[in-house]
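S.K.: Pasting a structure here, questions to come.
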Amino acid sequence: MNDWPRVPGFVETKEAYGETTLVVEPAELVEAATYVRDELGFRFLSDISPADYLGWGGKGVSGYIGTATGRDLNLPMTQGLQTLPTLKPKRFSVSYHVLALREEAPRLRLQVWLDDGEHVPSVVRVWPTADWHEREAFDMFGIVFDGHPNLVRILMEDDWEGHPLRKDYPIGGEPVRFSDAE
Amino acid sequence: MTIAPERRATRTWPIVGPPIYEGSRIPANIPTILEVPRELANLDDILPVNFGPNHPSTHGVLRLVVDLDGERVVGLRAVIGYLHTGFEKNMEQKTWWKAITYPPRMDYLAFQLNELAFVLAIEKLLALEVPEKATWMRQLMSELSRIHSHLIWLGTAALEIGAISLLFYCFRDRDAVLDLFELVGGQRMHTRYFQAGGLAEDIPDGFYPEARTFCEYMPKAIDEYEALLTRNPIWLERTQGIGLLSADDAIALGQSGPVLRASGVDWDLRRDEPYLAYDQVDFRVPVYENGDVYDRYRVRVDEMRESVRIVEQCLNRLDRMNGKPWIADDRKVVLPPREELHTSMESLIHHFKIVTEGYRVPEGEVYVCVESARGEFGCYVVSDGGPKPWRVKFRAPSFVALEATATCMHEALVADLIAIVGSLDTVMGEVDR
Amino acid sequence: MSADELEQYLGITTLMRAVAWAQTKSMWPDQFGLSCCAMEMIAIVGPRYDIARFGMEAFRASPRQADLLIVSGRVAHKMAAPLRQIYDQMLEPKWVIAMGACASSGGMFNNYTVLQGVDKIVPVDVYVPFCPPRPEALMEGIIRLHEAVQAGIPPAYERRAVAT
């Protein structure tokens, strides 16, 4: 489709793996969401998938390929990447996977980018199903959705500290001991 | 048990706002919470009841906070997270091929389908060709999983409404399905039979006759269930006209699978967005109009029949594929055959590299979805080009189905509450992930 | 002739033994399903495995009527408090089976939310391994528990301290 730029807050579109990603400005997300729902027919919100890109590509390139300084002996070969991934504009992305219930089942990924502390407007008024998805994103990533009627933790306890799926949150658990000797 | 007071971060809307559109029954303020009407709340006659997290009828560890006015449910709030397991965080720490072990534990009734979604996502990123035999076997296993899931749903949901004998019939037949899984994968549940590139092992010879016996037997068993329930007056009283969900509300609330089809929306990813080889088999998508508990039951029972038909068609295809490869021949991704390890140096190196370091998956983000027994099961995967997933996010259909409880619960009685929650077919492992 | 054989022939016994025998014949489990293992726990009620042979088919919804708590699945920290409360509500003597790898040790979920072994909050009598255990494995655990009870081994809460 060539009229993506008519979507409010349009930034860019990407085509990869047969999927269309439409990046919009966070400030105009609700207008963009309403536009794709009403004008383009994407009435069905499948999922809201946030992702944290802290430390993206930070593992560096392993081996001799593509590095100026050669192989870093402190980083084992197996831990590094083969090529540096494309850098991301900001720390968090929030992807709204929407679907149109018609022939060929067109899907679209509506994406916004934000830094830590930035807010996104809530789309609960556009797609009511976003309620719990946004609460989960708040719980797991600490992304605040402005205008959400009930933005409280959903999976973790109410008094939990931190947001577990952030990359700077340790995985926790206990170290494994393989014998009884302490 | 102490329950921390609720902390609301923002509350900017009026308590009662306009509905989302004309005729919508979705609660106006918060779509997932049924709030006690103000004229009732002031009467001081409301009884709050805590239902769960350990209640026999909650399908696991769901907690509902219900406000009762006599027998009527006037307020409802679902509290989840009692089974939060941190799948998404754990999978970020594992290599791609180890991470395949995790998704089956999420939706433990339709485990093969979860595995399938994740494996398809890896294959999409790798652009890996899967042999035909693997595709058909995957399809067969997915349909068996669907039967397995619907059987457990039927058994437990009927038990909750009082039809106890159904539980025993359904678990008898569930064991028959699990025997087939065991024959193929060596384990009853969580077989981890799908690999990136195909199947973990070839299909054993004894599988085909056993599966054919099952296909002959299963429709008769479904007839038995229908004879017990479909025209049973008690069952009709308990299910018809209960838990109504209109087509528009179902779409707005993101419902999928049997719940959506029971509301009259003719939508099935197997037919409308074919994956595997669903475009080459003949099956019908059952759709019912009323959107009540009874129609959800009808959809699921009909789906079981259709699944048996698909299994038969898969068997007919697979019969002609004896000796064909069951996994792609890509040594960078697929483990080499066991016998080669003793004779070939390269195979040993490849095996060692895949097991210790894991294979690398090209950079990118994909969203892959399959029609699980509960609806659209999606898998959003981000890779940075390394041996581990950067981010995995699952779109859990039961998580979304629970959002509809408040809408379905309008004017319901306490006894209907059990039937309604049961009819949405939620698996808490998948809700909480 | 040993004392056991003599007892068997004469049909006499001690009160303790008679009580222990009776306890193993109607050990009612609590209906406490958590995750995957719960499905296999229900399966032992089904016709193929038929737990009624042990007089245990009466899964009680109320912990006050139950003698045996089968922790069937992974326990999140959020669920730990309700679990302990259920255990506290059960009347003595009471037994606990940790079913599956997750309940026994956290299993494959070594992370921020899963309790690394349910024995941190309740004393466990029998651990059943595997993921999920087959119904046969669970029944093996139940039989082992019965043997322990008949042999006069006290329940775990009398032998083992648990962090509170």
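Ligands are numbered from 1 in the order shown, chains are lettered A, B, ... in the order of the structure tokens, and residues start at 1 in each chain.
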Hey, what's within 8 Å of Trp56 of chain A if we count only C-alpha atoms and toss same-chain stuff fewer than 5 positions away? As an NGL selection string, please?
M.R.: (:A and (85 or 87-88)) or (:B and (384))
S.K.: Which residues are close to Asp249 of chain B, i.e. within 12 Å by only C-alpha atoms, leaving aside same-chain residues fewer than 2 positions away? Reply as a ChimeraX atom specification.
M.R.: /A:43-44,127-129 /B:19-27,31,244-247,251-256,259-260,263-265,291,401,403-408
S.K.: Using only C-alpha atoms, what table do you get, as JSON lines, when you list each residue of chain B with an atom no more than 6 Å from chain C, its nearest pair of atoms, and their distance in Å rounded to one decimal, rows by chain then rising number?
M.R.:
```
{"residue": "B:Met1", "atom": "CA", "partner": "C:Ala81", "partner_atom": "CA", "distance": 5.8}
{"residue": "B:Gly60", "atom": "CA", "partner": "C:Leu34", "partner_atom": "CA", "distance": 5.4}
{"residue": "B:Tyr82", "atom": "CA", "partner": "C:Met79", "partner_atom": "CA", "distance": 5.1}
{"residue": "B:Leu83", "atom": "CA", "partner": "C:Ala76", "partner_atom": "CA", "distance": 5.6}
{"residue": "B:Thr85", "atom": "CA", "partner": "C:Val114", "partner_atom": "CA", "distance": 5.9}
{"residue": "B:Tyr108", "atom": "CA", "partner": "C:Cys36", "partner_atom": "CA", "distance": 5.4}
{"residue": "B:Phe168", "atom": "CA", "partner": "C:Gly46", "partner_atom": "CA", "distance": 5.4}
{"residue": "B:Phe171", "atom": "CA", "partner": "C:Gly46", "partner_atom": "CA", "distance": 5.7}
```
S.K.: Kindly save the residues from that selection, with all heavy atoms included, as a CSV table (one decimal), in the first residue's frame.
M.R.:
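Written out: out.csv:
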```csv
chain,number,residue,atom,x,y,z
B,1,MET,N,-3.9,-14.9,54.2
B,1,MET,CA,-3.3,-14.3,53.0
B,1,MET,C,-3.6,-12.8,53.1
B,1,MET,O,-4.7,-12.4,53.3
B,1,MET,CB,-4.0,-14.9,51.8
B,1,MET,CG,-3.3,-14.4,50.5
B,1,MET,SD,-4.0,-15.3,49.1
B,1,MET,CE,-5.6,-14.7,49.0
B,60,GLY,N,-7.7,-24.0,37.5
B,60,GLY,CA,-6.4,-23.6,37.9
B,60,GLY,C,-6.4,-22.5,39.0
B,60,GLY,O,-7.1,-22.7,40.0
B,82,TYR,N,-1.2,-15.7,39.5
B,82,TYR,CA,-0.8,-16.7,40.5
B,82,TYR,C,0.0,-17.8,39.9
B,82,TYR,O,0.5,-18.7,40.7
B,82,TYR,CB,-2.1,-17.3,41.2
B,82,TYR,CG,-2.7,-16.3,42.1
B,82,TYR,CD1,-3.8,-15.5,41.7
B,82,TYR,CD2,-2.2,-16.0,43.3
B,82,TYR,CE1,-4.3,-14.6,42.5
B,82,TYR,CE2,-2.7,-15.1,44.2
B,82,TYR,CZ,-3.8,-14.3,43.7
B,82,TYR,OH,-4.4,-13.4,44.5
B,83,LEU,N,0.1,-17.9,38.6
B,83,LEU,CA,1.0,-18.9,38.0
B,83,LEU,C,2.0,-18.3,37.1
B,83,LEU,O,2.5,-18.9,36.1
B,83,LEU,CB,0.1,-19.9,37.2
B,83,LEU,CG,0.6,-21.3,36.9
B,83,LEU,CD1,1.0,-21.9,38.2
B,83,LEU,CD2,-0.4,-22.1,36.2
B,85,THR,N,5.2,-17.5,35.5
B,85,THR,CA,6.3,-18.4,35.6
B,85,THR,C,7.6,-17.8,34.9
B,85,THR,O,8.6,-18.4,35.0
B,85,THR,CB,6.0,-19.7,34.8
B,85,THR,OG1,4.6,-20.1,35.2
B,85,THR,CG2,6.8,-20.8,35.3
B,108,TYR,N,-0.8,-26.1,28.6
B,108,TYR,CA,-0.5,-27.5,28.8
B,108,TYR,C,-1.6,-28.4,28.3
B,108,TYR,O,-1.6,-29.6,28.6
B,108,TYR,CB,-0.1,-27.8,30.3
B,108,TYR,CG,-1.0,-27.0,31.3
B,108,TYR,CD1,-2.2,-27.5,31.6
B,108,TYR,CD2,-0.5,-25.9,31.9
B,108,TYR,CE1,-3.0,-26.8,32.6
B,108,TYR,CE2,-1.2,-25.2,32.8
B,108,TYR,CZ,-2.5,-25.6,33.1
B,108,TYR,OH,-3.2,-25.0,34.0
B,168,PHE,N,-15.1,-38.8,33.2
B,168,PHE,CA,-14.5,-40.1,33.1
B,168,PHE,C,-14.4,-40.5,31.6
B,168,PHE,O,-13.4,-41.1,31.2
B,168,PHE,CB,-15.3,-41.1,33.9
B,168,PHE,CG,-15.3,-40.8,35.4
B,168,PHE,CD1,-16.4,-40.2,36.0
B,168,PHE,CD2,-14.1,-41.1,36.1
B,168,PHE,CE1,-16.3,-39.9,37.3
B,168,PHE,CE2,-14.1,-40.7,37.5
B,168,PHE,CZ,-15.2,-40.2,38.1
B,171,PHE,N,-11.7,-38.4,30.0
B,171,PHE,CA,-10.3,-38.7,30.3
B,171,PHE,C,-9.9,-40.1,29.8
B,171,PHE,O,-8.7,-40.4,29.5
B,171,PHE,CB,-10.1,-38.6,31.9
B,171,PHE,CG,-9.6,-37.3,32.2
B,171,PHE,CD1,-10.5,-36.2,32.3
B,171,PHE,CD2,-8.3,-37.0,32.5
B,171,PHE,CE1,-10.1,-34.9,32.6
B,171,PHE,CE2,-7.8,-35.7,32.8
B,171,PHE,CZ,-8.7,-34.7,32.8
```
S.K.: Skipping near chain neighbours, those fewer than 4 positions away, what residues fall within 8 Å of segment 354-371 of chain B using only C-alpha atoms, listed as a VMD selection string?
M.R.: (chain A and resid 16 to 17 19 78 85) or (chain B and resid 95 to 97 113 116 to 118 120 to 122 124 to 126 257 268 to 270 275 332 to 335 350 375 to 388)
S.K.: Using DSSP secondary structure from the backbone, list all helix (DSSP H, G or I) positions within segment 34-155 of chain A, as a PyMOL selection string.
M.R.: chain A and resi 34-38+77-79+130-141
S.K.: Taking N, CA, C and O atoms for each residue, export the selection above as a PDB file, in the first residue's frame.
M.R.:
```pdb
ATOM      1  N   THR A  34      -6.860   4.913  15.533  1.00  0.00           N
ATOM      2  CA  THR A  34      -8.224   5.101  15.067  1.00  0.00           C
ATOM      3  C   THR A  34      -8.272   5.069  13.541  1.00  0.00           C
ATOM      4  O   THR A  34      -9.194   4.504  12.946  1.00  0.00           O
ATOM      5  N   TYR A  35      -7.250   5.644  12.911  1.00  0.00           N
ATOM      6  CA  TYR A  35      -7.207   5.667  11.453  1.00  0.00           C
ATOM      7  C   TYR A  35      -7.114   4.248  10.892  1.00  0.00           C
ATOM      8  O   TYR A  35      -7.882   3.868  10.013  1.00  0.00           O
ATOM      9  N   VAL A  36      -6.184   3.448  11.413  1.00  0.00           N
ATOM     10  CA  VAL A  36      -6.050   2.105  10.854  1.00  0.00           C
ATOM     11  C   VAL A  36      -7.266   1.251  11.187  1.00  0.00           C
ATOM     12  O   VAL A  36      -7.614   0.356  10.422  1.00  0.00           O
ATOM     13  N   ARG A  37      -7.941   1.540  12.292  1.00  0.00           N
ATOM     14  CA  ARG A  37      -9.130   0.753  12.603  1.00  0.00           C
ATOM     15  C   ARG A  37     -10.288   1.120  11.691  1.00  0.00           C
ATOM     16  O   ARG A  37     -10.936   0.256  11.099  1.00  0.00           O
ATOM     17  N   ASP A  38     -10.539   2.433  11.554  1.00  0.00           N
ATOM     18  CA  ASP A  38     -11.735   2.856  10.827  1.00  0.00           C
ATOM     19  C   ASP A  38     -11.522   2.924   9.326  1.00  0.00           C
ATOM     20  O   ASP A  38     -12.386   2.525   8.541  1.00  0.00           O
ATOM     21  N   MET A  77      34.438 -16.693  21.872  1.00  0.00           N
ATOM     22  CA  MET A  77      33.965 -16.670  20.487  1.00  0.00           C
ATOM     23  C   MET A  77      32.464 -16.892  20.388  1.00  0.00           C
ATOM     24  O   MET A  77      31.753 -16.241  19.636  1.00  0.00           O
ATOM     25  N   THR A  78      31.963 -17.808  21.234  1.00  0.00           N
ATOM     26  CA  THR A  78      30.576 -18.204  21.070  1.00  0.00           C
ATOM     27  C   THR A  78      29.601 -17.139  21.562  1.00  0.00           C
ATOM     28  O   THR A  78      28.425 -17.212  21.283  1.00  0.00           O
ATOM     29  N   GLN A  79      30.082 -16.177  22.327  1.00  0.00           N
ATOM     30  CA  GLN A  79      29.150 -15.218  22.907  1.00  0.00           C
ATOM     31  C   GLN A  79      28.877 -14.033  21.986  1.00  0.00           C
ATOM     32  O   GLN A  79      27.887 -13.346  22.156  1.00  0.00           O
ATOM     33  N   ALA A 130      -7.102  -3.909  24.578  1.00  0.00           N
ATOM     34  CA  ALA A 130      -5.774  -3.424  24.969  1.00  0.00           C
ATOM     35  C   ALA A 130      -5.621  -3.289  26.474  1.00  0.00           C
ATOM     36  O   ALA A 130      -4.511  -3.166  26.968  1.00  0.00           O
ATOM     37  N   ASP A 131      -6.742  -3.324  27.194  1.00  0.00           N
ATOM     38  CA  ASP A 131      -6.707  -3.115  28.642  1.00  0.00           C
ATOM     39  C   ASP A 131      -5.634  -3.968  29.325  1.00  0.00           C
ATOM     40  O   ASP A 131      -4.680  -3.446  29.905  1.00  0.00           O
ATOM     41  N   TRP A 132      -5.790  -5.265  29.234  1.00  0.00           N
ATOM     42  CA  TRP A 132      -4.846  -6.129  29.955  1.00  0.00           C
ATOM     43  C   TRP A 132      -3.479  -6.155  29.290  1.00  0.00           C
ATOM     44  O   TRP A 132      -2.474  -6.293  29.979  1.00  0.00           O
ATOM     45  N   HIS A 133      -3.450  -6.027  27.969  1.00  0.00           N
ATOM     46  CA  HIS A 133      -2.141  -6.015  27.305  1.00  0.00           C
ATOM     47  C   HIS A 133      -1.309  -4.838  27.796  1.00  0.00           C
ATOM     48  O   HIS A 133      -0.108  -4.964  28.030  1.00  0.00           O
ATOM     49  N   GLU A 134      -1.952  -3.693  27.963  1.00  0.00           N
ATOM     50  CA  GLU A 134      -1.210  -2.518  28.430  1.00  0.00           C
ATOM     51  C   GLU A 134      -0.821  -2.663  29.892  1.00  0.00           C
ATOM     52  O   GLU A 134       0.269  -2.249  30.300  1.00  0.00           O
ATOM     53  N   ARG A 135      -1.709  -3.275  30.660  1.00  0.00           N
ATOM     54  CA  ARG A 135      -1.338  -3.500  32.059  1.00  0.00           C
ATOM     55  C   ARG A 135      -0.141  -4.428  32.140  1.00  0.00           C
ATOM     56  O   ARG A 135       0.737  -4.258  32.988  1.00  0.00           O
ATOM     57  N   GLU A 136      -0.101  -5.435  31.263  1.00  0.00           N
ATOM     58  CA  GLU A 136       1.032  -6.356  31.284  1.00  0.00           C
ATOM     59  C   GLU A 136       2.313  -5.627  30.885  1.00  0.00           C
ATOM     60  O   GLU A 136       3.365  -5.836  31.491  1.00  0.00           O
ATOM     61  N   ALA A 137       2.198  -4.754  29.878  1.00  0.00           N
ATOM     62  CA  ALA A 137       3.383  -4.013  29.452  1.00  0.00           C
ATOM     63  C   ALA A 137       3.877  -3.109  30.575  1.00  0.00           C
ATOM     64  O   ALA A 137       5.077  -2.959  30.799  1.00  0.00           O
ATOM     65  N   PHE A 138       2.939  -2.513  31.316  1.00  0.00           N
ATOM     66  CA  PHE A 138       3.320  -1.679  32.449  1.00  0.00           C
ATOM     67  C   PHE A 138       3.988  -2.528  33.527  1.00  0.00           C
ATOM     68  O   PHE A 138       5.021  -2.155  34.102  1.00  0.00           O
ATOM     69  N   ASP A 139       3.416  -3.687  33.777  1.00  0.00           N
ATOM     70  CA  ASP A 139       3.940  -4.560  34.827  1.00  0.00           C
ATOM     71  C   ASP A 139       5.340  -5.046  34.477  1.00  0.00           C
ATOM     72  O   ASP A 139       6.255  -5.013  35.307  1.00  0.00           O
ATOM     73  N   MET A 140       5.518  -5.483  33.236  1.00  0.00           N
ATOM     74  CA  MET A 140       6.760  -6.144  32.872  1.00  0.00           C
ATOM     75  C   MET A 140       7.853  -5.161  32.450  1.00  0.00           C
ATOM     76  O   MET A 140       9.032  -5.462  32.565  1.00  0.00           O
ATOM     77  N   PHE A 141       7.476  -4.008  31.891  1.00  0.00           N
ATOM     78  CA  PHE A 141       8.480  -3.090  31.365  1.00  0.00           C
ATOM     79  C   PHE A 141       8.430  -1.708  31.994  1.00  0.00           C
ATOM     80  O   PHE A 141       9.294  -0.891  31.746  1.00  0.00           O
TER      81      PHE A 141
END
```
S.K.: Using only C-alpha atoms for the distances, tell me which of A:Trp4, A:Tyr169, A:Phe145, A:Tyr53 is nearest to chain C.
M.R.: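 Once distances to chain C are computed over only C-alpha atoms, the minimum belongs to A:Tyr169.
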S.K.: Got a sec: who's within 8 Å of Pro29 of chain C, counting only C-alpha atoms, leaving out chain neighbours fewer than 5 positions off, as a ChimeraX atom specification?
M.R.: /C:56,58-60,66-70
S.K.: Next, dump the selected residues to file, keeping only all heavy atoms, as a PDB file, in the first residue's frame.
M.R.:
```
ATOM      1  N   MET C  56      -8.884 -43.273  47.407  1.00  0.00           N
ATOM      2  CA  MET C  56      -8.451 -41.879  47.366  1.00  0.00           C
ATOM      3  C   MET C  56      -9.178 -41.063  46.320  1.00  0.00           C
ATOM      4  O   MET C  56      -8.739 -39.977  45.984  1.00  0.00           O
ATOM      5  CB  MET C  56      -6.948 -41.814  47.086  1.00  0.00           C
ATOM      6  CG  MET C  56      -6.108 -42.348  48.218  1.00  0.00           C
ATOM      7  SD  MET C  56      -4.394 -42.324  47.807  1.00  0.00           S
ATOM      8  CE  MET C  56      -4.057 -40.590  47.757  1.00  0.00           C
ATOM      9  N   ALA C  58     -11.833 -39.502  46.444  1.00  0.00           N
ATOM     10  CA  ALA C  58     -12.583 -38.357  46.947  1.00  0.00           C
ATOM     11  C   ALA C  58     -11.653 -37.151  47.065  1.00  0.00           C
ATOM     12  O   ALA C  58     -11.081 -36.888  48.119  1.00  0.00           O
ATOM     13  CB  ALA C  58     -13.209 -38.702  48.290  1.00  0.00           C
ATOM     14  N   PHE C  59     -11.482 -36.433  45.969  1.00  0.00           N
ATOM     15  CA  PHE C  59     -10.690 -35.196  46.009  1.00  0.00           C
ATOM     16  C   PHE C  59     -11.542 -34.134  46.693  1.00  0.00           C
ATOM     17  O   PHE C  59     -12.625 -33.809  46.214  1.00  0.00           O
ATOM     18  CB  PHE C  59     -10.324 -34.763  44.592  1.00  0.00           C
ATOM     19  CG  PHE C  59      -9.058 -35.379  44.084  1.00  0.00           C
ATOM     20  CD1 PHE C  59      -9.026 -36.707  43.707  1.00  0.00           C
ATOM     21  CD2 PHE C  59      -7.909 -34.631  43.976  1.00  0.00           C
ATOM     22  CE1 PHE C  59      -7.865 -37.281  43.253  1.00  0.00           C
ATOM     23  CE2 PHE C  59      -6.740 -35.202  43.515  1.00  0.00           C
ATOM     24  CZ  PHE C  59      -6.716 -36.521  43.147  1.00  0.00           C
ATOM     25  N   ARG C  60     -11.055 -33.602  47.781  1.00  0.00           N
ATOM     26  CA  ARG C  60     -11.880 -32.657  48.522  1.00  0.00           C
ATOM     27  C   ARG C  60     -11.577 -31.232  48.085  1.00  0.00           C
ATOM     28  O   ARG C  60     -10.415 -30.844  47.926  1.00  0.00           O
ATOM     29  CB  ARG C  60     -11.630 -32.773  50.022  1.00  0.00           C
ATOM     30  CG  ARG C  60     -11.844 -34.125  50.586  1.00  0.00           C
ATOM     31  CD  ARG C  60     -13.050 -34.831  50.043  1.00  0.00           C
ATOM     32  NE  ARG C  60     -14.315 -34.255  50.471  1.00  0.00           N
ATOM     33  CZ  ARG C  60     -15.482 -34.758  50.143  1.00  0.00           C
ATOM     34  NH1 ARG C  60     -15.554 -35.812  49.362  1.00  0.00           N
ATOM     35  NH2 ARG C  60     -16.580 -34.200  50.561  1.00  0.00           N
ATOM     36  N   ALA C  66      -9.252 -32.593  53.862  1.00  0.00           N
ATOM     37  CA  ALA C  66      -8.239 -33.327  53.106  1.00  0.00           C
ATOM     38  C   ALA C  66      -7.082 -33.726  54.011  1.00  0.00           C
ATOM     39  O   ALA C  66      -6.780 -33.057  54.994  1.00  0.00           O
ATOM     40  CB  ALA C  66      -7.735 -32.482  51.960  1.00  0.00           C
ATOM     41  N   ASP C  67      -6.469 -34.849  53.649  1.00  0.00           N
ATOM     42  CA  ASP C  67      -5.306 -35.319  54.401  1.00  0.00           C
ATOM     43  C   ASP C  67      -4.020 -35.142  53.614  1.00  0.00           C
ATOM     44  O   ASP C  67      -2.947 -35.151  54.185  1.00  0.00           O
ATOM     45  CB  ASP C  67      -5.440 -36.814  54.703  1.00  0.00           C
ATOM     46  CG  ASP C  67      -6.772 -37.146  55.306  1.00  0.00           C
ATOM     47  OD1 ASP C  67      -7.070 -36.584  56.358  1.00  0.00           O
ATOM     48  OD2 ASP C  67      -7.513 -37.952  54.714  1.00  0.00           O
ATOM     49  N   LEU C  68      -4.141 -35.054  52.293  1.00  0.00           N
ATOM     50  CA  LEU C  68      -2.957 -35.086  51.456  1.00  0.00           C
ATOM     51  C   LEU C  68      -2.996 -33.895  50.505  1.00  0.00           C
ATOM     52  O   LEU C  68      -4.009 -33.651  49.857  1.00  0.00           O
ATOM     53  CB  LEU C  68      -2.937 -36.400  50.649  1.00  0.00           C
ATOM     54  CG  LEU C  68      -1.880 -36.538  49.573  1.00  0.00           C
ATOM     55  CD1 LEU C  68      -0.506 -36.541  50.191  1.00  0.00           C
ATOM     56  CD2 LEU C  68      -2.118 -37.801  48.787  1.00  0.00           C
ATOM     57  N   LEU C  69      -1.912 -33.163  50.466  1.00  0.00           N
ATOM     58  CA  LEU C  69      -1.817 -32.031  49.547  1.00  0.00           C
ATOM     59  C   LEU C  69      -0.854 -32.430  48.437  1.00  0.00           C
ATOM     60  O   LEU C  69       0.319 -32.687  48.703  1.00  0.00           O
ATOM     61  CB  LEU C  69      -1.313 -30.800  50.303  1.00  0.00           C
ATOM     62  CG  LEU C  69      -1.164 -29.511  49.509  1.00  0.00           C
ATOM     63  CD1 LEU C  69      -2.521 -29.007  49.089  1.00  0.00           C
ATOM     64  CD2 LEU C  69      -0.471 -28.454  50.343  1.00  0.00           C
ATOM     65  N   ILE C  70      -1.369 -32.530  47.218  1.00  0.00           N
ATOM     66  CA  ILE C  70      -0.497 -32.826  46.086  1.00  0.00           C
ATOM     67  C   ILE C  70      -0.197 -31.501  45.405  1.00  0.00           C
ATOM     68  O   ILE C  70      -1.081 -30.910  44.785  1.00  0.00           O
ATOM     69  CB  ILE C  70      -1.163 -33.807  45.104  1.00  0.00           C
ATOM     70  CG1 ILE C  70      -1.529 -35.114  45.810  1.00  0.00           C
ATOM     71  CG2 ILE C  70      -0.227 -34.107  43.944  1.00  0.00           C
ATOM     72  CD1 ILE C  70      -2.250 -36.104  44.931  1.00  0.00           C
TER      73      ILE C  70
END
```
S.K.: Determine which residues of segment 95-125 of chain C receive a DSSP assignment of strand (DSSP E or B), computed from the backbone, and state them as a PyMOL selection string.
M.R.: chain C and resi 95-99+114
S.K.: Could you save those same residues with N, CA and C atoms as a PDB file, in the first residue's frame?
M.R.:
```pdb
ATOM      1  N   TRP C  95      -0.181 -34.848  54.931  1.00  0.00           N
ATOM      2  CA  TRP C  95       1.005 -35.196  54.151  1.00  0.00           C
ATOM      3  C   TRP C  95       1.059 -34.327  52.901  1.00  0.00           C
ATOM      4  N   VAL C  96       2.241 -34.158  52.362  1.00  0.00           N
ATOM      5  CA  VAL C  96       2.424 -33.336  51.166  1.00  0.00           C
ATOM      6  C   VAL C  96       3.240 -34.121  50.148  1.00  0.00           C
ATOM      7  N   ILE C  97       2.759 -34.143  48.920  1.00  0.00           N
ATOM      8  CA  ILE C  97       3.540 -34.712  47.825  1.00  0.00           C
ATOM      9  C   ILE C  97       3.913 -33.560  46.897  1.00  0.00           C
ATOM     10  N   ALA C  98       5.204 -33.393  46.633  1.00  0.00           N
ATOM     11  CA  ALA C  98       5.630 -32.409  45.636  1.00  0.00           C
ATOM     12  C   ALA C  98       5.684 -33.124  44.293  1.00  0.00           C
ATOM     13  N   MET C  99       4.744 -32.799  43.415  1.00  0.00           N
ATOM     14  CA  MET C  99       4.617 -33.541  42.164  1.00  0.00           C
ATOM     15  C   MET C  99       5.332 -32.785  41.061  1.00  0.00           C
ATOM     16  N   VAL C 114       9.450 -18.002  40.253  1.00  0.00           N
ATOM     17  CA  VAL C 114       9.068 -19.346  40.678  1.00  0.00           C
ATOM     18  C   VAL C 114       9.802 -19.716  41.959  1.00  0.00           C
TER      19      VAL C 114
END
```
S.K.: Could you give me, as a list in words, the residues within 9 Å of Gln93 of chain B, counting only C-alpha atoms and dropping anything in the same chain fewer than 5 positions from it?
M.R.: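 Near neighbours after the sequence-gap exclusion: Ile171 of chain A; Ala99, Lys388, Pro389 and Trp390 of chain B.
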S.K.: Give the answer as one residue: which of C:Thr24, C:Gln8, C:Gln116, C:Ser2 has the shortest atom-to-atom distance to chain A, using only C-alpha atoms?
M.R.: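 Comparing C:Thr24, C:Gln8, C:Gln116, C:Ser2 against chain A, the winner is C:Gln116.
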S.K.: Return the single residue from C:Ala137, C:Ala156, C:Met41, C:Ser105 that is closest to Asp125 of chain C, with distances computed using only C-alpha atoms.
M.R.: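 Under the stated criterion, the closest residue is C:Ala156.
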S.K.: Please list as a PyMOL selection string every residue within 8 Å of Pro131 of chain B, counting only C-alpha atoms and excluding residues in the same chain fewer than 6 positions away.
M.R.: chain B and resi 197-198+325-328
S.K.: Between atom CA of Val61 of chain B and atom CA of Val299 of chain B, what is the distance in Å, rounded to a tenth?
M.R.: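 For atom CA of Val61 of chain B relative to atom CA of Val299 of chain B, the distance reads 25.6 Å.
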